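Participant: My structure file model-v8.txt, compact mmCIF, C-alpha atoms, is below:
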```txt
# COMPACT_ATOMS: atom_id res chain seq x y z
CA MET A 295 5.58 24.94 -14.14
CA PRO A 296 9.20 25.36 -13.04
CA PRO A 297 11.57 22.57 -14.08
CA LEU A 298 12.17 19.84 -11.51
CA ARG A 299 15.22 20.37 -9.33
CA ALA A 300 14.94 17.35 -7.08
CA ILE A 301 13.41 13.89 -7.07
CA VAL A 302 12.25 12.53 -3.74
CA PHE A 303 11.66 8.80 -3.42
CA ASP A 304 9.59 6.89 -0.98
CA ALA A 305 11.73 4.00 0.36
CA TYR A 306 9.63 0.99 1.39
CA GLY A 307 7.87 -0.59 -1.58
CA THR A 308 9.27 1.97 -4.02
CA LEU A 309 13.07 1.55 -4.01
CA PHE A 310 13.14 -1.37 -1.56
CA ASP A 311 11.02 -4.48 -1.88
CA VAL A 312 9.38 -4.99 1.52
CA HIS A 313 8.33 -8.44 0.40
CA SER A 314 11.93 -9.58 0.01
CA VAL A 315 11.47 -10.74 3.64
CA ILE A 316 9.30 -13.55 2.27
CA ALA A 317 12.38 -15.77 1.78
CA LEU A 318 13.29 -15.62 5.47
CA CYS A 319 9.65 -15.92 6.60
CA GLU A 320 9.30 -18.98 4.39
CA GLN A 321 12.48 -20.50 5.80
CA LEU A 322 11.23 -19.99 9.38
CA TRP A 323 7.64 -21.12 8.70
CA PRO A 324 7.41 -23.10 5.44
CA GLY A 325 4.24 -22.36 3.48
CA LYS A 326 3.48 -19.19 5.47
CA GLY A 327 6.02 -16.73 4.06
CA ALA A 328 3.77 -14.79 1.70
CA ALA A 329 0.84 -14.57 4.14
CA LEU A 330 3.11 -13.35 6.96
CA SER A 331 4.85 -10.75 4.80
CA GLN A 332 1.49 -9.44 3.55
CA LEU A 333 -0.12 -9.14 6.97
CA TRP A 334 3.05 -7.72 8.54
CA ARG A 335 3.16 -4.96 5.93
CA SER A 336 -0.54 -4.09 6.04
CA LYS A 337 -0.60 -3.94 9.85
CA GLN A 338 2.57 -1.84 9.85
CA LEU A 339 0.85 0.76 7.66
CA GLU A 340 -2.39 0.68 9.66
CA TYR A 341 -0.46 1.32 12.85
CA THR A 342 1.27 4.36 11.30
CA TRP A 343 -2.08 5.90 10.39
CA GLN A 344 -3.82 5.00 13.63
CA ARG A 345 -0.98 6.13 15.90
CA SER A 346 -0.70 9.40 13.97
CA LEU A 347 -4.39 10.10 14.49
CA MET A 348 -4.22 9.03 18.15
CA ARG A 349 -1.19 11.30 18.61
CA ARG A 350 0.78 8.35 19.91
CA TYR A 351 3.73 8.38 17.54
CA GLU A 352 6.33 5.71 18.03
CA ASP A 353 9.22 5.29 15.62
CA PHE A 354 8.97 3.00 12.62
CA ALA A 355 11.20 0.30 14.11
CA ARG A 356 8.82 -0.10 17.05
CA VAL A 357 5.76 0.04 14.83
CA THR A 358 7.30 -2.53 12.49
CA GLU A 359 8.10 -4.83 15.37
CA ALA A 360 4.61 -4.47 16.86
CA ALA A 361 3.12 -5.30 13.46
CA LEU A 362 5.36 -8.36 13.23
CA ARG A 363 4.18 -9.59 16.65
CA TYR A 364 0.56 -9.02 15.63
CA ALA A 365 0.96 -10.83 12.31
CA CYS A 366 2.70 -13.83 13.89
CA ALA A 367 0.01 -14.07 16.58
CA ALA A 368 -2.82 -13.75 14.06
CA LEU A 369 -1.34 -16.51 11.88
CA GLY A 370 -0.50 -18.72 14.85
CA LEU A 371 3.27 -18.60 14.21
CA PRO A 372 5.37 -18.84 17.38
CA VAL A 373 8.04 -16.14 17.33
CA ASP A 374 10.87 -16.27 19.84
CA GLU A 375 13.53 -13.65 20.47
CA GLU A 376 15.92 -15.11 17.91
CA ARG A 377 13.37 -15.22 15.09
CA ARG A 378 12.14 -11.76 15.93
CA ARG A 379 15.65 -10.41 15.79
CA SER A 380 16.46 -12.08 12.48
CA LEU A 381 13.21 -10.80 10.89
CA MET A 382 13.83 -7.26 12.11
CA GLY A 383 17.38 -7.59 10.81
CA ALA A 384 16.02 -8.57 7.39
CA TYR A 385 14.20 -5.24 7.32
CA LEU A 386 17.58 -3.49 7.28
CA LYS A 387 18.71 -5.51 4.26
CA LEU A 388 15.69 -5.35 1.99
CA ALA A 389 16.45 -5.98 -1.69
CA ILE A 390 16.17 -3.05 -4.08
CA PHE A 391 14.01 -3.48 -7.16
CA PRO A 392 16.18 -4.54 -10.14
CA GLU A 393 15.86 -1.25 -12.07
CA VAL A 394 16.76 1.05 -9.14
CA ARG A 395 20.51 1.41 -9.72
CA ASP A 396 20.21 2.35 -13.41
CA VAL A 397 17.34 4.75 -12.77
CA LEU A 398 19.24 6.63 -10.07
CA ALA A 399 22.33 6.86 -12.29
CA ALA A 400 20.26 8.25 -15.18
CA LEU A 401 18.59 10.84 -12.94
CA ARG A 402 21.90 11.99 -11.54
CA GLU A 403 23.14 12.55 -15.09
CA SER A 404 20.21 14.95 -15.47
CA LYS A 405 21.67 16.98 -12.56
CA LEU A 406 18.71 16.30 -10.30
CA LYS A 407 19.15 16.19 -6.54
CA LEU A 408 18.00 12.80 -5.26
CA ALA A 409 16.50 12.21 -1.83
CA ILE A 410 14.53 9.70 0.19
CA LEU A 411 11.53 10.75 2.29
CA SER A 412 10.39 7.81 4.37
CA ASN A 413 8.36 6.66 7.33
CA GLY A 414 11.52 4.81 8.40
CA SER A 415 13.43 6.04 11.42
CA PRO A 416 16.97 7.29 10.79
CA ALA A 417 18.32 4.16 12.53
CA MET A 418 16.48 1.98 10.00
CA LEU A 419 17.16 4.04 6.88
CA ARG A 420 20.91 4.49 7.27
CA PRO A 421 21.80 0.77 7.21
CA LEU A 422 19.10 0.09 4.60
CA VAL A 423 20.63 2.55 2.12
CA ALA A 424 24.18 1.51 3.00
CA ASN A 425 23.48 -2.22 2.65
CA ALA A 426 22.04 -1.62 -0.82
CA GLY A 427 25.08 0.45 -1.79
CA LEU A 428 22.96 3.51 -2.66
CA GLY A 429 24.72 5.94 -0.30
CA SER A 430 26.73 7.68 -3.01
CA GLN A 431 23.68 8.17 -5.25
CA ILE A 432 21.18 9.36 -2.65
CA ARG A 433 22.81 11.67 -0.15
CA THR A 434 19.70 13.23 1.41
CA ILE A 435 17.77 10.88 3.67
CA ILE A 436 14.73 12.44 5.30
CA SER A 437 12.75 10.66 8.01
CA VAL A 438 9.27 11.53 9.26
CA ASP A 439 10.75 11.01 12.71
CA ALA A 440 11.66 14.72 12.76
CA ARG A 441 7.94 15.53 12.90
CA LYS A 442 6.65 12.56 14.96
CA ILE A 443 3.80 11.90 12.56
CA TYR A 444 3.52 9.56 9.58
CA LYS A 445 2.61 9.94 5.92
CA PRO A 446 0.34 11.20 4.41
CA ALA A 447 0.31 14.16 6.87
CA PRO A 448 1.34 17.38 5.07
CA ALA A 449 3.93 18.16 7.77
CA VAL A 450 5.94 15.19 6.53
CA TYR A 451 6.10 16.31 2.91
CA ARG A 452 7.00 19.81 4.09
CA LEU A 453 10.19 18.33 5.57
CA ALA A 454 11.47 17.67 2.05
CA VAL A 455 10.88 21.29 1.02
CA GLU A 456 12.84 22.46 4.04
CA ARG A 457 15.71 20.03 3.65
CA LEU A 458 16.07 20.44 -0.13
CA GLY A 459 15.59 24.22 -0.18
CA ALA A 460 13.45 23.94 -3.30
CA PRO A 461 9.83 25.08 -3.84
CA LYS A 462 7.33 22.26 -3.79
CA THR A 463 6.49 22.66 -7.48
CA ALA A 464 10.16 21.97 -8.33
CA ILE A 465 10.11 18.68 -6.43
CA GLY A 466 9.08 15.41 -8.05
CA PHE A 467 7.82 12.80 -5.60
CA VAL A 468 7.92 9.12 -6.49
CA SER A 469 6.05 6.36 -4.67
CA SER A 470 4.62 2.95 -5.43
CA ASN A 471 2.16 3.46 -2.59
CA CYS A 472 -0.76 5.19 -4.26
CA TRP A 473 -2.02 6.85 -1.07
CA ASP A 474 1.49 8.27 -0.54
CA ALA A 475 1.56 9.71 -4.07
CA CYS A 476 -1.91 11.18 -3.43
CA GLY A 477 -0.76 12.67 -0.13
CA ALA A 478 2.28 14.22 -1.82
CA LYS A 479 0.09 15.59 -4.62
CA SER A 480 -2.33 17.03 -2.08
CA PHE A 481 0.62 18.78 -0.46
CA GLY A 482 1.74 20.23 -3.78
CA PHE A 483 4.54 18.05 -5.22
CA ARG A 484 4.62 16.87 -8.80
CA THR A 485 3.91 13.19 -8.28
CA PHE A 486 4.74 9.90 -9.96
CA TRP A 487 2.86 6.78 -8.89
CA ILE A 488 4.71 3.58 -9.71
CA ASN A 489 1.82 1.20 -10.29
CA ARG A 490 3.66 -2.11 -10.53
CA THR A 491 0.56 -4.27 -10.07
CA GLY A 492 -2.02 -2.54 -12.27
CA ALA A 493 -4.09 -1.47 -9.23
CA PRO A 494 -6.87 1.13 -9.51
CA VAL A 495 -5.95 4.63 -8.40
CA ASP A 496 -7.00 5.53 -4.86
CA GLU A 497 -9.78 8.10 -4.55
CA LEU A 498 -8.41 10.54 -2.02
CA GLY A 499 -9.26 13.85 -3.64
CA ALA A 500 -5.80 14.35 -5.20
CA MET A 501 -4.69 12.22 -8.16
CA PRO A 502 -1.01 11.52 -8.94
CA ASP A 503 0.20 13.56 -11.94
CA HIS A 504 1.82 10.56 -13.63
CA VAL A 505 1.16 6.85 -13.41
CA ILE A 506 3.87 4.52 -14.69
CA GLY A 507 4.34 0.77 -14.48
CA SER A 508 7.96 0.79 -13.37
CA LEU A 509 10.67 3.10 -12.07
CA GLY A 510 12.45 2.39 -15.36
CA GLU A 511 10.08 4.76 -17.18
CA LEU A 512 10.96 7.67 -14.92
CA PRO A 513 14.16 9.11 -16.51
CA ALA A 514 12.61 9.47 -19.99
CA LEU A 515 9.44 10.97 -18.54
CA ILE A 516 11.38 13.54 -16.54
CA ARG A 517 13.66 14.48 -19.46
CA ARG A 518 10.59 15.30 -21.55
CA PRO A 519 9.29 18.80 -20.78
CA LEU A 520 6.42 18.18 -18.37
CA SER A 521 3.23 19.99 -19.16
CA MET B 191 -13.41 4.90 39.45
CA PRO B 192 -16.83 6.55 39.20
CA PRO B 193 -19.69 4.26 38.15
CA LEU B 194 -20.55 4.25 34.46
CA ARG B 195 -23.32 6.64 33.48
CA ALA B 196 -23.38 6.05 29.75
CA ILE B 197 -22.47 3.38 27.24
CA VAL B 198 -21.32 4.55 23.83
CA PHE B 199 -21.35 2.06 20.97
CA ASP B 200 -19.45 2.07 17.74
CA ALA B 201 -21.93 1.35 14.92
CA TYR B 202 -20.30 -0.39 11.95
CA GLY B 203 -19.06 -3.85 12.85
CA THR B 204 -20.17 -3.52 16.48
CA LEU B 205 -23.98 -3.17 16.44
CA PHE B 206 -24.38 -3.50 12.68
CA ASP B 207 -22.83 -6.25 10.59
CA VAL B 208 -21.06 -4.51 7.69
CA HIS B 209 -20.69 -7.86 6.02
CA SER B 210 -24.42 -8.34 5.76
CA VAL B 211 -23.94 -6.71 2.33
CA ILE B 212 -22.37 -9.99 1.18
CA ALA B 213 -25.79 -11.35 0.20
CA LEU B 214 -26.43 -8.53 -2.26
CA CYS B 215 -22.81 -8.57 -3.53
CA GLU B 216 -23.13 -12.30 -4.10
CA GLN B 217 -26.42 -11.84 -5.93
CA LEU B 218 -24.86 -9.22 -8.24
CA TRP B 219 -21.56 -11.08 -8.78
CA PRO B 220 -21.89 -14.77 -7.84
CA GLY B 221 -18.79 -16.14 -6.14
CA LYS B 222 -17.37 -12.68 -5.43
CA GLY B 223 -19.55 -11.52 -2.52
CA ALA B 224 -17.19 -12.17 0.36
CA ALA B 225 -14.10 -10.81 -1.44
CA LEU B 226 -15.93 -7.64 -2.45
CA SER B 227 -17.36 -7.01 1.01
CA GLN B 228 -13.92 -7.54 2.59
CA LEU B 229 -12.05 -5.21 0.25
CA TRP B 230 -14.82 -2.61 0.33
CA ARG B 231 -14.64 -2.46 4.13
CA SER B 232 -10.84 -2.40 4.40
CA LYS B 233 -10.51 0.33 1.77
CA GLN B 234 -13.27 2.33 3.45
CA LEU B 235 -11.30 2.35 6.71
CA GLU B 236 -7.98 3.14 5.01
CA TYR B 237 -9.57 6.13 3.29
CA THR B 238 -10.86 7.46 6.62
CA TRP B 239 -7.35 7.35 8.13
CA GLN B 240 -5.57 8.68 5.06
CA ARG B 241 -8.04 11.51 4.42
CA SER B 242 -7.91 12.51 8.09
CA LEU B 243 -4.11 12.75 7.96
CA MET B 244 -4.21 14.58 4.61
CA ARG B 245 -6.79 16.99 6.07
CA ARG B 246 -9.11 16.16 3.21
CA TYR B 247 -12.17 15.02 5.13
CA GLU B 248 -15.14 13.93 3.11
CA ASP B 249 -18.22 12.46 4.74
CA PHE B 250 -18.57 8.72 5.27
CA ALA B 251 -21.12 8.25 2.49
CA ARG B 252 -18.64 9.61 -0.06
CA VAL B 253 -15.75 7.64 1.42
CA THR B 254 -17.85 4.48 1.41
CA GLU B 255 -18.85 5.02 -2.20
CA ALA B 256 -15.24 5.72 -3.26
CA ALA B 257 -14.15 2.52 -1.50
CA LEU B 258 -16.88 0.60 -3.32
CA ARG B 259 -15.70 1.91 -6.70
CA TYR B 260 -12.11 1.00 -5.81
CA ALA B 261 -13.03 -2.51 -4.66
CA CYS B 262 -15.13 -3.22 -7.76
CA ALA B 263 -12.35 -1.95 -10.05
CA ALA B 264 -9.69 -3.96 -8.21
CA LEU B 265 -11.75 -7.15 -8.47
CA GLY B 266 -12.76 -6.50 -12.08
CA LEU B 267 -16.47 -6.22 -11.27
CA PRO B 268 -18.37 -3.83 -13.55
CA VAL B 269 -20.54 -1.54 -11.44
CA ASP B 270 -23.18 0.57 -13.15
CA GLU B 271 -25.29 3.30 -11.59
CA GLU B 272 -28.08 0.89 -10.62
CA ARG B 273 -25.77 -1.58 -8.86
CA ARG B 274 -23.92 1.24 -7.14
CA ARG B 275 -27.18 2.67 -5.85
CA SER B 276 -28.45 -0.67 -4.59
CA LEU B 277 -25.17 -1.42 -2.78
CA MET B 278 -25.09 2.01 -1.16
CA GLY B 279 -28.74 1.47 -0.22
CA ALA B 280 -27.78 -1.81 1.46
CA TYR B 281 -25.44 0.16 3.71
CA LEU B 282 -28.49 1.91 5.17
CA LYS B 283 -30.14 -1.40 6.00
CA LEU B 284 -27.30 -3.39 7.53
CA ALA B 285 -28.41 -6.24 9.78
CA ILE B 286 -27.81 -5.92 13.51
CA PHE B 287 -25.97 -8.72 15.28
CA PRO B 288 -28.47 -11.18 16.82
CA GLU B 289 -27.74 -10.27 20.46
CA VAL B 290 -28.05 -6.48 20.03
CA ARG B 291 -31.70 -6.00 20.94
CA ASP B 292 -31.52 -7.96 24.21
CA VAL B 293 -28.25 -6.32 25.23
CA LEU B 294 -29.63 -2.82 24.73
CA ALA B 295 -32.76 -3.68 26.70
CA ALA B 296 -30.69 -5.06 29.58
CA LEU B 297 -28.46 -1.98 29.68
CA ARG B 298 -31.43 0.35 29.69
CA GLU B 299 -32.80 -1.51 32.68
CA SER B 300 -29.54 -0.59 34.44
CA LYS B 301 -30.46 3.08 33.86
CA LEU B 302 -27.49 3.69 31.58
CA LYS B 303 -27.69 6.30 28.84
CA LEU B 304 -27.04 4.64 25.50
CA ALA B 305 -25.42 6.37 22.54
CA ILE B 306 -23.77 5.68 19.20
CA LEU B 307 -20.50 7.38 18.22
CA SER B 308 -19.73 6.57 14.62
CA ASN B 309 -17.71 7.50 11.56
CA GLY B 310 -21.02 7.48 9.71
CA SER B 311 -22.52 10.74 8.54
CA PRO B 312 -25.85 11.76 10.11
CA ALA B 313 -27.58 11.01 6.80
CA MET B 314 -26.32 7.43 6.95
CA LEU B 315 -26.84 6.82 10.67
CA ARG B 316 -30.42 8.02 10.97
CA PRO B 317 -31.92 5.54 8.47
CA LEU B 318 -29.56 2.80 9.68
CA VAL B 319 -30.82 3.05 13.26
CA ALA B 320 -34.44 3.53 12.16
CA ASN B 321 -34.39 0.55 9.77
CA ALA B 322 -33.11 -1.68 12.57
CA GLY B 323 -35.82 -0.40 14.92
CA LEU B 324 -33.30 0.79 17.52
CA GLY B 325 -34.45 4.41 17.64
CA SER B 326 -36.32 4.09 20.92
CA GLN B 327 -33.39 2.36 22.65
CA ILE B 328 -30.55 4.58 21.46
CA ARG B 329 -31.60 8.21 21.38
CA THR B 330 -28.19 9.87 21.15
CA ILE B 331 -26.53 9.47 17.76
CA ILE B 332 -23.16 11.19 17.47
CA SER B 333 -21.32 11.49 14.16
CA VAL B 334 -17.67 12.39 13.64
CA ASP B 335 -18.97 14.68 10.91
CA ALA B 336 -19.26 17.45 13.51
CA ARG B 337 -15.43 17.49 13.72
CA LYS B 338 -14.53 16.64 10.10
CA ILE B 339 -12.00 14.03 11.15
CA TYR B 340 -12.33 10.28 11.65
CA LYS B 341 -11.61 7.83 14.47
CA PRO B 342 -9.25 7.30 16.25
CA ALA B 343 -8.59 11.07 16.55
CA PRO B 344 -9.18 12.23 20.16
CA ALA B 345 -11.41 15.09 18.93
CA VAL B 346 -13.98 12.49 17.90
CA TYR B 347 -14.18 10.78 21.28
CA ARG B 348 -14.41 14.20 22.93
CA LEU B 349 -17.69 14.73 21.06
CA ALA B 350 -19.29 12.04 23.21
CA VAL B 351 -18.19 13.76 26.42
CA GLU B 352 -19.71 17.02 25.22
CA ARG B 353 -22.96 15.49 24.00
CA LEU B 354 -23.51 13.23 27.01
CA GLY B 355 -22.41 15.76 29.62
CA ALA B 356 -20.55 13.04 31.53
CA PRO B 357 -16.87 12.85 32.46
CA LYS B 358 -14.86 10.48 30.29
CA THR B 359 -14.22 8.07 33.15
CA ALA B 360 -18.00 7.61 33.53
CA ILE B 361 -18.39 6.63 29.89
CA GLY B 362 -18.01 3.05 28.69
CA PHE B 363 -17.05 2.71 25.04
CA VAL B 364 -17.82 -0.47 23.12
CA SER B 365 -16.31 -1.44 19.78
CA SER B 366 -15.53 -4.59 17.86
CA ASN B 367 -12.82 -2.68 15.99
CA CYS B 368 -9.79 -3.11 18.21
CA TRP B 369 -8.04 0.07 16.97
CA ASP B 370 -11.22 2.01 17.84
CA ALA B 371 -11.30 0.56 21.37
CA CYS B 372 -7.59 1.46 21.70
CA GLY B 373 -8.25 4.99 20.45
CA ALA B 374 -11.09 5.40 22.94
CA LYS B 375 -8.89 4.05 25.75
CA SER B 376 -6.10 6.42 24.77
CA PHE B 377 -8.62 9.26 25.03
CA GLY B 378 -9.70 8.13 28.48
CA PHE B 379 -12.91 6.09 28.19
CA ARG B 380 -13.43 2.79 29.95
CA THR B 381 -13.33 0.47 26.95
CA PHE B 382 -14.80 -2.87 25.93
CA TRP B 383 -13.39 -4.61 22.88
CA ILE B 384 -15.81 -7.12 21.36
CA ASN B 385 -13.39 -9.66 19.91
CA ARG B 386 -15.78 -11.84 17.90
CA THR B 387 -13.06 -13.55 15.85
CA GLY B 388 -10.39 -14.28 18.47
CA ALA B 389 -7.97 -11.79 16.90
CA PRO B 390 -4.81 -10.62 18.71
CA VAL B 391 -5.06 -7.25 20.43
CA ASP B 392 -3.65 -4.33 18.45
CA GLU B 393 -0.45 -2.80 19.83
CA LEU B 394 -1.21 0.90 19.80
CA GLY B 395 0.05 1.96 23.20
CA ALA B 396 -3.37 1.78 24.89
CA MET B 397 -5.02 -1.56 25.61
CA PRO B 398 -8.81 -1.99 25.94
CA ASP B 399 -9.86 -2.45 29.59
CA HIS B 400 -12.05 -5.45 28.83
CA VAL B 401 -12.02 -8.01 26.03
CA ILE B 402 -15.17 -10.07 25.51
CA GLY B 403 -16.24 -12.45 22.79
CA SER B 404 -19.73 -11.08 22.25
CA LEU B 405 -21.91 -8.11 23.11
CA GLY B 406 -24.01 -10.58 25.09
CA GLU B 407 -21.40 -10.59 27.89
CA LEU B 408 -21.63 -6.83 28.35
CA PRO B 409 -24.63 -6.39 30.71
CA ALA B 410 -23.28 -8.81 33.34
CA LEU B 411 -19.81 -7.28 33.14
CA ILE B 412 -21.19 -3.79 33.63
CA ARG B 413 -23.47 -4.78 36.52
CA ARG B 414 -20.45 -6.16 38.38
CA PRO B 415 -18.56 -3.40 40.18
CA LEU B 416 -15.65 -2.65 37.85
CA SER B 417 -12.27 -2.47 39.45
```
Kindly present the structure from the file in structure tokens form.
Facilitator:
Amino acid sequence: MPPLRAIVFDAYGTLFDVHSVIALCEQLWPGKGAALSQLWRSKQLEYTWQRSLMRRYEDFARVTEAALRYACAALGLPVDEERRRSLMGAYLKLAIFPEVRDVLAALRESKLKLAILSNGSPAMLRPLVANAGLGSQIRTIISVDARKIYKPAPAVYRLAVERLGAPKTAIGFVSSNCWDACGAKSFGFRTFWINRTGAPVDELGAMPDHVIGSLGELPALIRRPLS
Amino acid sequence: MPPLRAIVFDAYGTLFDVHSVIALCEQLWPGKGAALSQLWRSKQLEYTWQRSLMRRYEDFARVTEAALRYACAALGLPVDEERRRSLMGAYLKLAIFPEVRDVLAALRESKLKLAILSNGSPAMLRPLVANAGLGSQIRTIISVDARKIYKPAPAVYRLAVERLGAPKTAIGFVSSNCWDACGAKSFGFRTFWINRTGAPVDELGAMPDHVIGSLGELPALIRRPLS
């Protein structure tokens, strides 16, 4: 195994907490915040898979907004233009998980290139990274939008190989979405699944190489020679 | 619009009630039947989409069994070989919805060819249809297994065109899974979404032509000249 030269992070759910929108949802519809955030997220992912298979790609901002409309309708929550705009705006200012800043600093000390590979469209990812103040730590932002298909299609992971100019076995891929880690492993990356909730591993024919409970465990794991 | 020559039904959730396994789940793990059935089904569908995108097709029996293992592990339900086998066996004997038999009889009187187009593997579909006693009414059983990809990929819907020898505009496609009806519409079928639960329509860039609350409304709708 060659040593790792780059670490590629998934964005939503891995560095950024998609459920940090709960606060605003809760403010708009008291008592419904968690349910709305949950359904919004699960529908958003379903639409990415279904549209990819249907060959009807639309960018992640449109998919996210469609999922929001669906979730509000399903839960009987009236959403006008103003609420819709403020919820979509919240998606550009998602909170990072508390350990993110230290982890990125530690990895950069190890001379690793850091990148994001995300379903997000460039227009969503740029403000997201800037608002969290991560722009100086992660300079390579890769969006699936260049291939008009969503994860876990191999064409998406291949984008990172092309952009980073490193062989796939020298790229570590980090995601808290197990199916994303499995997709990256199936493609050929060395993969780290951040299993924050103690969920079972998904059975997709390709298991993540490493399973850790938090991003915080990543720097020590990567410094150790990987076998 | 040419008149319809064939009606193609989705199987799981449309003719057959996937949640009829709740009774057995409940018997094995009292109080957990509904939660297990729900998670089993949603994971089963996710795996079909994810494996299709990863190009790691496995047949529906294996996907269904993997989803069962995941759901049991996630809910903390110990599943031994005997329980696993009885639950997988239940999937071959799913109950049909109460209106199915009358609806099929009425459609056959209208001289329409009836078919099933399903994610299920042939080895799952044959006993399923036979156990429900539908074999004489639906003679054409089409499985995605011939294309090694799952719905809503267009290649799957194309199978029905090939097997039925009818143009896509002369084929009516019926599903209670909205994303499946959208996928079929995107391909070019005339589509009927059976919306049993009053859910919002999925926003996938292709709306079903007709939305009805039960299969029972189908014969009258089809006898009327469709505009």
Participant: Within 10 Å of chain A, which residues of chain B show up when using all atoms listed in the file, listed as a PyMOL selection string?
Facilitator: chain B and resi 233+235-248+253+255-257+259-266+339-345+369-370+372-374+376-377+388-396
Participant: Distance CA of Lys387 in chain A-CA of Ala424 in chain A, one decimal place?
Facilitator: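 CA of Ala424 in chain A lies at a distance of 9.0 Å from CA of Lys387 in chain A.
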Participant: If I take CA of Val198 in chain B and CA of Leu258 in chain B, how far is one from the other in Å, to one decimal?
Facilitator: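 If I compute the distance from CA of Val198 in chain B to CA of Leu258 in chain B, I get 27.8 Å.
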Participant: Report the distance between CA of Lys375 in chain B and CA of Thr254 in chain B in Å, rounded to one decimal place.
Facilitator: 25.9 Å
Participant: If you count only C-alpha atoms, which residues fall within 10 Å of Pro192 in chain B, apart from same-chain ones fewer than 6 positions away, as a list in words?
Facilitator: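 The residues that qualify are Pro357, Lys358, Thr359, Ala360, Ile361 and Leu416 of chain B.
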Participant: Leaving out Val346 in chain B and any residue of its chain fewer than 4 positions from it, which residues lie within 9 Å of it when counting only C-alpha atoms, given as a ChimeraX atom specification?
Facilitator: /B:307-309,333-342,350
Participant: Which is closest to Val208 in chain B among B:Met278, B:Leu267, B:Ala285, B:Ala296, if we use all atoms listed in the file?
Facilitator: B:Ala285
Participant: Which one is closest to Gln338 in chain A: A:Pro416, A:Arg378, A:Phe354, A:Phe483? Count all atoms listed in the file.
Facilitator: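 The closest residue to Gln338 in chain A is A:Phe354.
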Participant: Residues near Met418 in chain A, anyone? I mean within 9 Å using all atoms listed in the file, not counting same-chain ones fewer than 4 positions away, as a PyMOL selection string.
Facilitator: chain A and resi 354-355+385-386+414+422-423
Participant: Residues of the last selection are to be written out with C-alpha atoms, as an mmCIF file, in the frame of the given file.
Facilitator:
```
data_model
loop_
_atom_site.group_PDB
_atom_site.id
_atom_site.type_symbol
_atom_site.label_atom_id
_atom_site.label_comp_id
_atom_site.auth_asym_id
_atom_site.auth_seq_id
_atom_site.Cartn_x
_atom_site.Cartn_y
_atom_site.Cartn_z
ATOM 1 C CA PHE A 354 8.970 3.000 12.620
ATOM 2 C CA ALA A 355 11.200 0.300 14.110
ATOM 3 C CA TYR A 385 14.200 -5.240 7.320
ATOM 4 C CA LEU A 386 17.580 -3.490 7.280
ATOM 5 C CA GLY A 414 11.520 4.810 8.400
ATOM 6 C CA LEU A 422 19.100 0.090 4.600
ATOM 7 C CA VAL A 423 20.630 2.550 2.120
#
```
Participant: With distances taken over all atoms listed in the file, which residue among B:Leu302, B:Ile332, B:Cys215, B:Ala295 lies nearest Ala201 in chain B?
Facilitator: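 The answer is B:Ile332, which sits nearest to Ala201 in chain B.
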Participant: Check the smallest atom-to-atom distance from each of A:Ala329, A:Ala384, A:Leu298, A:Leu318 to Leu408 in chain A using all atoms listed in the file, then report the winner.
Facilitator: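 Counting all atoms listed in the file, the residue closest to Leu408 in chain A is A:Leu298.
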Participant: If we count only C-alpha atoms, what is near Ser404 in chain B at a cut-off of 8 Å, once residues fewer than 3 positions away on the same chain are taken out, given as a PyMOL selection string?
Facilitator: chain B and resi 384-386+407-408
Participant: Will you model N, CA, C and O atoms for range 355-361 of chain A and pass it back as an mmCIF file, keeping the file's coordinate frame?
Facilitator:
```cif
data_model
loop_
_atom_site.group_PDB
_atom_site.id
_atom_site.type_symbol
_atom_site.label_atom_id
_atom_site.label_comp_id
_atom_site.auth_asym_id
_atom_site.auth_seq_id
_atom_site.Cartn_x
_atom_site.Cartn_y
_atom_site.Cartn_z
ATOM 1 N N ALA A 355 10.658 1.593 13.680
ATOM 2 C CA ALA A 355 11.200 0.300 14.110
ATOM 3 C C ALA A 355 10.251 -0.347 15.122
ATOM 4 O O ALA A 355 9.925 -1.533 15.024
ATOM 5 N N ARG A 356 9.748 0.449 16.053
ATOM 6 C CA ARG A 356 8.820 -0.100 17.050
ATOM 7 C C ARG A 356 7.494 -0.487 16.422
ATOM 8 O O ARG A 356 6.899 -1.514 16.759
ATOM 9 N N VAL A 357 7.016 0.348 15.508
ATOM 10 C CA VAL A 357 5.760 0.040 14.830
ATOM 11 C C VAL A 357 5.907 -1.239 13.990
ATOM 12 O O VAL A 357 5.023 -2.103 13.972
ATOM 13 N N THR A 358 7.049 -1.359 13.329
ATOM 14 C CA THR A 358 7.300 -2.530 12.490
ATOM 15 C C THR A 358 7.373 -3.794 13.340
ATOM 16 O O THR A 358 6.844 -4.849 12.967
ATOM 17 N N GLU A 359 7.988 -3.671 14.489
ATOM 18 C CA GLU A 359 8.100 -4.830 15.370
ATOM 19 C C GLU A 359 6.743 -5.202 15.976
ATOM 20 O O GLU A 359 6.413 -6.381 16.097
ATOM 21 N N ALA A 360 5.958 -4.200 16.339
ATOM 22 C CA ALA A 360 4.610 -4.470 16.860
ATOM 23 C C ALA A 360 3.756 -5.160 15.792
ATOM 24 O O ALA A 360 3.010 -6.096 16.083
ATOM 25 N N ALA A 361 3.887 -4.702 14.555
ATOM 26 C CA ALA A 361 3.120 -5.300 13.460
ATOM 27 C C ALA A 361 3.557 -6.748 13.216
ATOM 28 O O ALA A 361 2.733 -7.614 12.918
#
```
